[in-house]
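Structure data follow from model.cif (mmCIF, C-alpha atoms):
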data_model
#
loop_
_atom_site.label_atom_id
_atom_site.label_comp_id
_atom_site.auth_asym_id
_atom_site.auth_seq_id
_atom_site.Cartn_x
_atom_site.Cartn_y
_atom_site.Cartn_z
CA MET A 1 0.00 0.00 0.00
CA SER A 2 2.95 2.29 0.53
CA SER A 3 5.14 1.37 -2.40
CA ALA A 4 3.82 4.05 -4.74
CA HIS A 5 4.34 6.72 -2.13
CA SER A 6 7.88 5.70 -1.28
CA THR A 7 9.07 5.60 -4.86
CA SER A 8 7.64 9.03 -5.52
CA THR A 9 9.63 10.59 -2.71
CA SER A 10 12.93 8.94 -3.55
CA ASP A 11 13.89 11.39 -6.30
CA SER A 12 13.71 14.37 -3.95
CA ASP A 13 16.36 12.77 -1.71
CA ALA A 14 19.17 14.20 -3.77
CA THR A 15 18.54 17.70 -2.46
CA THR A 16 19.04 16.83 1.20
CA ALA A 17 22.14 14.69 1.40
CA VAL A 18 25.48 13.66 0.01
CA PRO A 19 26.94 15.40 -3.03
CA THR A 20 27.94 12.07 -4.54
CA PRO A 21 24.91 10.68 -6.35
CA VAL A 22 23.89 7.27 -5.11
CA PRO A 23 21.34 6.23 -7.69
CA ARG A 24 18.68 3.58 -7.29
CA ARG A 25 19.68 2.70 -3.78
CA PRO A 26 16.58 2.04 -1.67
CA ARG A 27 16.72 4.72 1.00
CA SER A 28 14.69 4.19 4.12
CA THR A 29 11.55 6.22 4.31
CA ALA A 30 10.44 7.78 7.58
CA ARG A 31 8.15 4.81 8.17
CA ASP A 32 10.96 2.30 7.54
CA LEU A 33 13.14 4.17 10.00
CA ALA A 34 10.40 4.17 12.61
CA GLN A 35 9.74 0.46 12.13
CA ILE A 36 13.43 -0.32 12.53
CA ALA A 37 13.65 1.75 15.71
CA VAL A 38 10.46 0.26 17.16
CA PHE A 39 11.59 -3.32 16.57
CA ALA A 40 15.03 -2.66 18.02
CA ALA A 41 13.22 -1.31 21.06
CA LEU A 42 10.92 -4.33 21.08
CA ILE A 43 13.88 -6.72 21.23
CA ALA A 44 15.21 -4.68 24.14
CA ALA A 45 11.81 -4.58 25.88
CA LEU A 46 11.50 -8.37 25.64
CA GLY A 47 14.69 -8.67 27.67
CA LEU A 48 13.64 -6.36 30.49
CA PRO A 49 13.38 -8.05 33.88
CA GLY A 50 9.91 -9.30 34.71
CA ALA A 51 8.62 -8.62 31.22
CA LEU A 52 7.77 -12.22 30.62
CA SER A 53 8.21 -15.58 32.22
CA ILE A 54 6.75 -18.90 31.27
CA GLY A 55 6.43 -21.80 33.64
CA GLY A 56 8.54 -21.48 36.73
CA ALA A 57 11.76 -19.54 37.11
CA ALA A 58 13.88 -22.71 36.84
CA VAL A 59 15.36 -21.98 33.45
CA PRO A 60 15.69 -18.33 32.59
CA ILE A 61 14.29 -18.24 29.08
CA THR A 62 15.02 -14.95 27.42
CA PHE A 63 12.57 -13.72 24.88
CA GLN A 64 15.08 -11.55 23.09
CA THR A 65 15.75 -14.14 20.40
CA LEU A 66 11.98 -14.20 19.85
CA GLY A 67 12.27 -10.48 19.15
CA VAL A 68 15.11 -11.13 16.72
CA MET A 69 13.16 -13.80 14.84
CA LEU A 70 10.08 -11.56 14.75
CA ALA A 71 12.13 -8.66 13.39
CA GLY A 72 13.13 -10.82 10.44
CA ALA A 73 9.71 -12.40 9.97
CA ILE A 74 7.70 -9.18 10.26
CA LEU A 75 9.97 -6.53 8.74
CA GLY A 76 11.94 -8.59 6.23
CA ALA A 77 15.66 -9.08 5.83
CA ARG A 78 16.90 -5.52 5.37
CA LYS A 79 14.87 -3.78 8.07
CA GLY A 80 15.11 -6.77 10.39
CA VAL A 81 18.89 -6.84 10.23
CA LEU A 82 19.04 -3.08 10.72
CA ALA A 83 16.83 -3.35 13.81
CA VAL A 84 19.12 -5.98 15.31
CA LEU A 85 22.18 -3.95 14.35
CA LEU A 86 20.70 -0.89 16.00
CA LEU A 87 20.20 -2.79 19.23
CA ILE A 88 23.77 -4.11 19.11
CA VAL A 89 25.13 -0.58 18.61
CA LEU A 90 23.17 0.69 21.60
CA VAL A 91 24.42 -2.19 23.71
CA ALA A 92 27.98 -1.40 22.65
CA ALA A 93 27.41 2.22 23.59
CA GLY A 94 26.69 1.14 27.15
CA LEU A 95 22.93 0.75 27.47
CA PRO A 96 21.94 -2.33 29.51
CA LEU A 97 19.49 -3.62 26.92
CA LEU A 98 20.38 -7.30 26.84
CA SER A 99 18.49 -9.70 29.07
CA GLY A 100 19.64 -9.62 32.67
CA GLY A 101 20.58 -5.96 32.28
CA ARG A 102 23.78 -6.75 30.40
CA GLY A 103 25.31 -4.07 28.25
CA GLY A 104 28.47 -2.26 27.43
CA LEU A 105 31.60 -3.34 25.66
CA SER A 106 32.22 -6.20 28.08
CA VAL A 107 29.56 -8.14 26.16
CA PHE A 108 31.70 -7.87 23.05
CA VAL A 109 34.88 -9.31 24.55
CA GLY A 110 33.00 -12.13 26.28
CA PRO A 111 32.46 -15.61 24.85
CA SER A 112 28.78 -15.20 23.99
CA VAL A 113 29.36 -12.34 21.53
CA GLY A 114 29.03 -14.85 18.68
CA TYR A 115 25.38 -15.40 19.46
CA LEU A 116 24.81 -11.68 19.37
CA LEU A 117 26.44 -11.45 15.94
CA GLY A 118 24.53 -14.56 14.92
CA TRP A 119 21.32 -12.60 15.49
CA LEU A 120 22.20 -10.53 12.42
CA LEU A 121 22.55 -13.61 10.25
CA GLY A 122 19.43 -15.15 11.78
CA ALA A 123 17.27 -12.11 11.07
CA ALA A 124 18.67 -11.96 7.53
CA VAL A 125 17.86 -15.60 6.78
CA ILE A 126 14.37 -15.39 8.25
CA GLY A 127 13.61 -12.13 6.48
CA TRP A 128 14.91 -13.40 3.16
CA ALA A 129 12.85 -16.58 3.38
CA THR A 130 9.71 -14.81 4.63
CA ALA A 131 9.66 -12.54 1.59
CA ARG A 132 9.59 -15.69 -0.53
CA LEU A 133 7.02 -17.52 1.58
CA LEU A 134 4.58 -14.63 1.36
CA PRO A 135 1.81 -14.01 0.48
CA ARG A 136 0.62 -17.53 1.29
CA TYR A 137 3.08 -18.17 4.12
CA PRO A 138 2.46 -21.93 4.41
CA ILE A 139 3.14 -23.11 7.96
CA ALA A 140 5.41 -26.10 7.37
CA PRO A 141 8.07 -24.45 5.17
CA ALA A 142 7.83 -21.34 7.33
CA LEU A 143 8.70 -23.42 10.39
CA GLY A 144 11.67 -24.93 8.58
CA TRP A 145 13.06 -21.65 7.32
CA THR A 146 12.50 -19.86 10.62
CA ALA A 147 14.31 -22.66 12.45
CA LEU A 148 17.14 -22.43 9.93
CA GLY A 149 17.54 -18.71 10.63
CA GLY A 150 16.55 -18.53 14.28
CA ILE A 151 18.41 -21.61 15.49
CA VAL A 152 20.89 -22.98 12.94
CA ALA A 153 22.26 -19.65 11.74
CA ILE A 154 22.59 -18.20 15.24
CA TYR A 155 24.28 -21.31 16.64
CA LEU A 156 26.49 -21.50 13.56
CA VAL A 157 28.07 -18.19 14.52
CA GLY A 158 27.70 -18.49 18.28
CA ILE A 159 29.19 -21.91 18.94
CA PRO A 160 32.53 -21.48 17.10
CA VAL A 161 33.08 -18.07 18.70
CA PHE A 162 32.33 -19.48 22.13
CA SER A 163 34.71 -22.34 21.44
CA VAL A 164 37.53 -20.05 20.29
CA VAL A 165 37.16 -17.49 23.10
CA THR A 166 36.99 -20.02 25.90
CA GLY A 167 39.33 -22.56 24.30
CA THR A 168 36.83 -25.36 24.83
CA PRO A 169 36.47 -28.02 22.10
CA ILE A 170 33.73 -27.19 19.66
CA GLY A 171 31.80 -30.34 20.56
CA ALA A 172 31.59 -29.33 24.21
CA ALA A 173 30.47 -25.84 23.23
CA ALA A 174 27.80 -27.30 20.97
CA LEU A 175 26.65 -29.64 23.71
CA ALA A 176 26.38 -26.76 26.18
CA SER A 177 24.24 -24.73 23.79
CA THR A 178 21.64 -27.51 23.56
CA VAL A 179 20.36 -26.19 26.90
CA PHE A 180 18.72 -23.41 24.92
CA LEU A 181 17.35 -25.64 22.19
CA PRO A 182 13.88 -26.38 23.66
CA GLY A 183 13.28 -22.68 24.31
CA ASP A 184 14.46 -21.78 20.83
CA VAL A 185 12.20 -24.35 19.17
CA PHE A 186 9.30 -22.89 21.12
CA LYS A 187 10.23 -19.40 19.93
CA VAL A 188 10.37 -20.55 16.31
CA VAL A 189 6.81 -21.90 16.58
CA VAL A 190 5.60 -18.67 18.20
CA THR A 191 7.35 -16.58 15.53
CA VAL A 192 5.66 -18.45 12.69
CA LEU A 193 2.19 -18.33 14.28
CA VAL A 194 2.56 -14.64 15.03
CA ALA A 195 3.98 -13.81 11.62
CA LYS A 196 1.09 -15.64 9.97
CA GLY A 197 -1.42 -13.64 12.02
CA VAL A 198 0.30 -10.30 11.58
CA HIS A 199 0.85 -10.62 7.83
CA ARG A 200 -2.83 -11.44 7.45
CA ALA A 201 -3.88 -8.49 9.61
CA TRP A 202 -1.35 -6.07 8.14
CA PRO A 203 -0.48 -6.93 4.54
CA GLY A 204 2.26 -5.13 2.66
CA LEU A 205 4.93 -5.19 5.35
CA ILE A 206 7.23 -7.33 3.24
CA GLU A 207 7.05 -7.26 -0.50
CA PRO A 208 6.69 -10.85 -1.70
CA ARG A 209 9.52 -12.10 -3.88
CA SER A 210 10.10 -15.29 -5.79
CA TRP A 211 12.61 -18.00 -4.97
CA PRO A 212 15.88 -17.80 -6.87
CA TRP A 213 15.11 -21.17 -8.38
CA ALA A 214 11.66 -20.05 -9.59
CA ARG A 215 11.01 -19.47 -13.27
CA ARG A 216 12.36 -16.21 -14.74
CA SER A 217 9.01 -14.96 -15.93
CA VAL A 218 7.72 -14.90 -12.38
CA ALA A 219 10.75 -12.88 -11.29
CA ALA A 220 10.27 -10.37 -14.08
CA GLU A 221 6.64 -9.94 -13.13
CA SER A 222 7.42 -9.23 -9.47
CA THR A 223 10.13 -6.67 -10.25
CA GLY A 224 7.81 -4.97 -12.68
CA THR A 225 5.39 -4.12 -9.90
CA ALA A 226 8.11 -2.83 -7.52
CA MET B 1 17.78 5.08 30.29
CA ILE B 2 20.93 6.15 32.05
CA GLY B 3 22.88 3.09 31.06
CA VAL B 4 25.69 1.38 32.87
CA PHE B 5 27.66 4.63 33.15
CA HIS B 6 28.58 5.84 36.62
CA PRO B 7 29.44 9.55 36.79
CA GLY B 8 32.70 10.63 38.35
CA ARG B 9 35.64 13.01 38.02
CA SER B 10 38.61 10.65 37.77
CA LEU B 11 41.25 10.71 35.07
CA LEU B 12 39.48 7.84 33.33
CA HIS B 13 36.17 9.68 33.35
CA ARG B 14 37.77 12.73 31.78
CA ALA B 15 39.78 10.95 29.08
CA PRO B 16 38.30 11.23 25.57
CA ALA B 17 36.17 8.25 24.54
CA LEU B 18 38.07 7.62 21.30
CA LEU B 19 41.38 7.39 23.18
CA LYS B 20 39.88 4.99 25.69
CA LEU B 21 38.40 2.87 22.91
CA GLY B 22 41.77 2.67 21.17
CA LEU B 23 43.58 1.70 24.37
CA LEU B 24 40.91 -0.86 25.18
CA ALA B 25 41.23 -2.47 21.74
CA ALA B 26 45.04 -2.54 22.05
CA PHE B 27 44.90 -4.05 25.53
CA VAL B 28 42.36 -6.73 24.66
CA THR B 29 44.38 -7.75 21.60
CA ALA B 30 47.60 -7.85 23.61
CA VAL B 31 46.02 -9.98 26.33
CA ALA B 32 44.53 -12.36 23.76
CA LEU B 33 47.90 -12.88 22.05
CA GLN B 34 49.88 -13.08 25.28
CA GLY B 35 51.31 -16.52 26.04
CA SER B 36 52.86 -16.29 29.51
CA LEU B 37 51.24 -16.26 32.91
CA MET B 38 53.80 -13.68 34.07
CA ALA B 39 52.63 -11.13 31.50
CA LEU B 40 49.03 -11.80 32.45
CA ALA B 41 49.89 -11.16 36.10
CA VAL B 42 51.38 -7.80 35.13
CA ALA B 43 48.27 -7.02 33.12
CA SER B 44 46.07 -7.94 36.09
CA VAL B 45 47.94 -5.49 38.32
CA LEU B 46 47.56 -2.83 35.65
CA VAL B 47 43.81 -3.37 35.43
CA MET B 48 43.50 -3.22 39.22
CA VAL B 49 45.39 0.07 39.30
CA LEU B 50 43.05 1.45 36.63
CA PHE B 51 40.03 0.42 38.68
CA LEU B 52 41.54 2.16 41.72
CA ILE B 53 42.02 5.32 39.66
CA ALA B 54 38.41 5.22 38.47
CA TRP B 55 37.19 4.61 42.05
CA LEU B 56 33.84 3.04 41.21
CA PRO B 57 31.36 1.46 43.61
CA LEU B 58 32.26 -2.20 44.03
CA ARG B 59 28.66 -3.28 43.49
CA LEU B 60 28.62 -1.88 39.93
CA VAL B 61 31.92 -3.50 39.03
CA TRP B 62 30.68 -6.80 40.41
CA GLN B 63 27.47 -6.61 38.36
CA GLN B 64 29.54 -6.24 35.21
CA VAL B 65 31.88 -9.14 35.91
CA VAL B 66 29.36 -11.68 37.26
CA PRO B 67 28.02 -12.89 33.85
CA ILE B 68 31.50 -13.95 32.74
CA LEU B 69 32.03 -15.84 36.01
CA TRP B 70 28.97 -17.96 35.26
CA LEU B 71 30.38 -18.86 31.87
CA LEU B 72 33.75 -19.67 33.40
CA ALA B 73 32.06 -22.02 35.85
CA PHE B 74 31.24 -24.09 32.79
CA ALA B 75 34.28 -23.44 30.60
CA VAL B 76 37.07 -23.88 33.18
CA PRO B 77 36.26 -27.50 34.12
CA VAL B 78 35.93 -28.40 30.43
CA GLN B 79 39.24 -26.75 29.65
CA VAL B 80 40.95 -28.48 32.57
CA VAL B 81 39.85 -31.83 31.15
CA PHE B 82 40.90 -31.09 27.59
CA GLY B 83 43.80 -28.65 27.95
CA GLY B 84 45.20 -28.97 31.46
CA TRP B 85 45.42 -26.61 34.39
CA GLU B 86 47.64 -23.99 32.87
CA ALA B 87 45.58 -23.49 29.73
CA ALA B 88 42.42 -23.24 31.82
CA ALA B 89 43.95 -20.64 34.13
CA MET B 90 45.27 -18.57 31.23
CA MET B 91 41.91 -18.64 29.48
CA ALA B 92 40.07 -17.62 32.64
CA VAL B 93 42.45 -14.76 33.47
CA ARG B 94 42.42 -13.49 29.90
CA LEU B 95 38.65 -13.42 29.74
CA VAL B 96 38.19 -11.79 33.13
CA LEU B 97 40.78 -9.14 32.27
CA ALA B 98 39.21 -8.33 28.91
CA VAL B 99 35.71 -8.19 30.37
CA ALA B 100 36.81 -6.13 33.37
CA LEU B 101 38.57 -3.57 31.22
CA ALA B 102 35.66 -3.31 28.79
CA ALA B 103 33.38 -2.85 31.80
CA LEU B 104 35.69 -0.12 33.06
CA TYR B 105 35.29 1.69 29.76
CA THR B 106 31.51 1.44 29.88
CA LEU B 107 31.33 2.48 33.53
CA THR B 108 33.41 5.61 32.97
CA THR B 109 32.01 6.73 29.61
CA PRO B 110 28.54 8.22 29.08
CA VAL B 111 26.45 6.68 26.30
CA SER B 112 26.38 9.95 24.38
CA ALA B 113 30.18 10.11 24.34
CA THR B 114 30.40 6.59 22.94
CA LEU B 115 27.79 7.36 20.30
CA ASP B 116 29.76 10.47 19.30
CA ALA B 117 32.93 8.39 19.10
CA MET B 118 31.14 5.87 16.87
CA GLN B 119 29.93 8.68 14.67
CA ALA B 120 33.52 9.88 14.35
CA LEU B 121 34.66 6.36 13.48
CA LEU B 122 31.93 6.17 10.81
CA ARG B 123 33.12 9.36 9.12
CA PRO B 124 35.31 7.58 6.54
CA PHE B 125 32.25 5.61 5.47
CA ARG B 126 29.94 8.58 4.98
CA ARG B 127 29.48 7.71 1.33
CA TRP B 128 27.48 4.68 2.41
CA ILE B 129 26.23 5.64 5.83
CA ASP B 130 24.28 8.77 6.60
CA ALA B 131 25.42 9.62 10.12
CA ASP B 132 22.46 11.95 10.74
CA ARG B 133 19.94 9.23 9.96
CA VAL B 134 21.83 6.78 12.12
CA GLY B 135 21.86 9.27 14.97
CA LEU B 136 18.15 9.98 14.59
CA THR B 137 17.28 6.29 14.55
CA LEU B 138 19.43 5.62 17.62
CA ALA B 139 17.67 8.41 19.50
CA LEU B 140 14.27 7.10 18.37
CA THR B 141 15.13 3.62 19.61
CA ILE B 142 16.20 4.86 23.03
CA ARG B 143 12.89 6.70 23.30
CA CYS B 144 10.96 3.65 22.14
CA VAL B 145 12.31 1.17 24.70
CA PRO B 146 10.10 2.37 27.59
CA LEU B 147 7.23 2.77 25.12
CA LEU B 148 7.49 -0.84 24.00
CA ALA B 149 7.98 -2.09 27.55
CA GLU B 150 4.71 -0.33 28.37
CA ILE B 151 2.95 -1.99 25.42
CA VAL B 152 4.15 -5.42 26.54
CA ARG B 153 2.96 -4.72 30.08
CA GLU B 154 -0.48 -3.52 28.97
CA VAL B 155 -1.05 -6.47 26.70
CA LEU B 156 0.03 -8.82 29.51
CA GLU B 157 -2.59 -7.26 31.76
CA ALA B 158 -5.25 -7.38 29.07
CA ARG B 159 -4.48 -11.04 28.58
CA LYS B 160 -4.79 -11.68 32.28
CA ALA B 161 -8.13 -9.84 32.38
CA ARG B 162 -9.47 -12.03 29.58
CA GLY B 163 -8.23 -15.18 31.27
CA ALA B 164 -6.18 -16.10 28.23
CA GLU B 165 -2.95 -16.42 30.12
CA GLY B 166 -1.92 -19.70 28.56
CA SER B 167 -1.93 -18.41 25.02
CA ILE B 168 1.33 -16.90 23.84
CA ALA B 169 -0.26 -15.83 20.54
CA ALA B 170 -2.75 -13.75 22.53
CA LEU B 171 0.30 -11.89 23.81
CA ALA B 172 2.54 -11.63 20.81
CA VAL B 173 0.15 -10.68 18.01
CA PRO B 174 -1.32 -7.64 19.80
CA VAL B 175 2.17 -6.55 20.86
CA ILE B 176 3.41 -6.68 17.27
CA VAL B 177 0.34 -4.95 15.85
CA ARG B 178 0.58 -2.17 18.42
CA ALA B 179 4.30 -1.86 17.79
CA LEU B 180 3.59 -1.45 14.09
CA GLN B 181 0.91 1.16 14.85
CA THR B 182 3.44 3.03 16.98
CA ALA B 183 5.91 2.91 14.11
CA GLU B 184 3.22 4.26 11.78
CA HIS B 185 2.58 7.23 14.07
CA LEU B 186 6.29 7.87 14.49
CA GLY B 187 6.78 7.75 10.74
CA ASP B 188 3.93 10.24 10.21
CA ALA B 189 5.39 12.48 12.89
CA LEU B 190 8.80 12.39 11.23
CA THR B 191 7.33 13.21 7.82
CA ALA B 192 5.25 16.02 9.32
CA ARG B 193 8.44 17.52 10.71
CA GLY B 194 10.05 17.63 7.30
CA PHE B 195 12.02 14.43 7.40
CA ASP B 196 13.12 13.54 3.91
CA ASP B 197 10.83 15.64 1.77
#

Structure translated into structure tokens:
Amino acid sequence: MSSAHSTSTSDSDATTAVPTPVPRRPRSTARDLAQIAVFAALIAALGLPGALSIGGAAVPITFQTLGVMLAGAILGARKGVLAVLLLIVLVAAGLPLLSGGRGGLSVFVGPSVGYLLGWLLGAAVIGWATARLLPRYPIAPALGWTALGGIVAIYLVGIPVFSVVTGTPIGAAALASTVFLPGDVFKVVVTVLVAKGVHRAWPGLIEPRSWPWARRSVAAESTGTA
Amino acid sequence: MIGVFHPGRSLLHRAPALLKLGLLAAFVTAVALQGSLMALAVASVLVMVLFLIAWLPLRLVWQQVVPILWLLAFAVPVQVVFGGWEAAAMMAVRLVLAVALAALYTLTTPVSATLDAMQALLRPFRRWIDADRVGLTLALTIRCVPLLAEIVREVLEARKARGAEGSIAALAVPVIVRALQTAEHLGDALTARGFDD
């Protein structure tokens, strides 16, 4: 619903900024910027103490990765990654926005920094796949792709970094991270159910695209409408 | 949203953020590459002296270092099994030193100073990154955190009132929809104030 509006404003950008012309680069509109900021804040809010707790307090399940997966699944790859990046920058600047009130540069020299960086990859994978799953967004493939981004991609970055920083063998690091697996599977399911509901209630958030292995004619059709 | 920063007037508080960042990066690299326990001992003394100079409340320092101790409680035994005592000790000391020094930076540097330093570091990349937009979005996000926390709280209460406490979808969908509405209003407000056109 907003695509016509955003393309019409893009040519007036040249007057405001950089002297070097950067043609045909999709600049964020005010709404994009606000969505990115709001989702970065949402990821932070999901980590605030007492915001949420399921079951008992035995295992502290943080809902921040749910926020990361939702950022990818609701906003798409580009905006989702930017939202996560924004949160990471604010954490680096010293705001205690990670769960448990963690923040500051100490997070970035610690062993779990890989998971934080994995969030970027995770949001990218989920966002990329969601754009291709829409508009139908079938549940089963959505679950698979969201798990690939929200679990596999994040662990893929997190576990090796943990292993290198602490000097533990990679197998032990992988074994230790399985503690979080049940919670993460749960979050994947929630992400898909929520994304399905939200995309139905609020269409047009992510522009549907075709899979790279789809026929060319379909691709040409979808770029023609952009 | 004050952050982890603790105000003070020490030498470390007054040093420019960029200088501190550079020294921190150099120190962390040096500690990571260092192979001898002797050098690590010297580095530990140095870090302690720096903490004495900064003169911070012990409670705050402790809060910053505790998370890494939890991780070490797992990693040290594993490392002892696979790499022996010395490797485990080196790894533990290295990590604690790096984390403590990074915490020292964060405790003595206000968030705004760090954001300014980042903006300065981004200057060479201004062809690709519009520092003003980045700054605006960062400020927006900081403002939005309490806003979103409030949305989550309200929806939690609404859910409780409806007796739908078991359903996580009853929580998450309204939160997302309201977050998107907030973004819509913010976007309109930005456009109304002459952002971008």

Selection dump of the PyMOL selection byres ((chain A and resi 195) around 12), as a PyMOL selection string: (chain A and resi 66-67+69-76+126-127+130-131+133-139+142-143+146+187-194+196-203+205-206) or (chain B and resi 169+172-177)

Separation of atom CA of Asp130 of chain B from atom CA of Glu207 of chain A in Å: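 For atom CA of Glu207 of chain A relative to atom CA of Asp130 of chain B, the distance reads 24.6 Å.
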
Proximal residues of chain A relative to chain B (all atoms listed in the file; 7 Å) as a PyMOL selection string: chain A and resi 9+12-13+30-31+33-35+37-38+40-42+44-45+51+86+93-96+104-106+109-110+166-168+190+194+197-198

Atom-to-atom span, atom CA of Val91 of chain A and atom CA of Ala30 of chain B, Å: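 Taking atom CA of Val91 of chain A and atom CA of Ala30 of chain B, their separation equals 23.9 Å.
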
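Put simply, atom CA of Leu58 of chain B is 26.1 Å away from atom CA of Thr29 of chain B.
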
Nearest to Val47 of chain B by atom-to-atom distance, counting only C-alpha atoms, from B:Arg59, B:Pro16, B:His6, B:Val93: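 Checking each of B:Arg59, B:Pro16, B:His6, B:Val93 against Val47 of chain B, counting only C-alpha atoms, the winner is B:Val93.
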
Pick from A:Val161, A:Leu97, A:Ala124, A:Val84 nearest to Gly149 of chain A, counting all atoms listed in the file: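 Of A:Val161, A:Leu97, A:Ala124, A:Val84, the one nearest Gly149 of chain A, counting all atoms listed in the file, is A:Ala124.
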
Residue neighbourhood Leu46 of chain B, 12 Å, only C-alpha atoms, exclusion window fewer than 5 positions, as an NGL selection string: :B and (27 or 31 or 39-41 or 51-53 or 97 or 100-101)
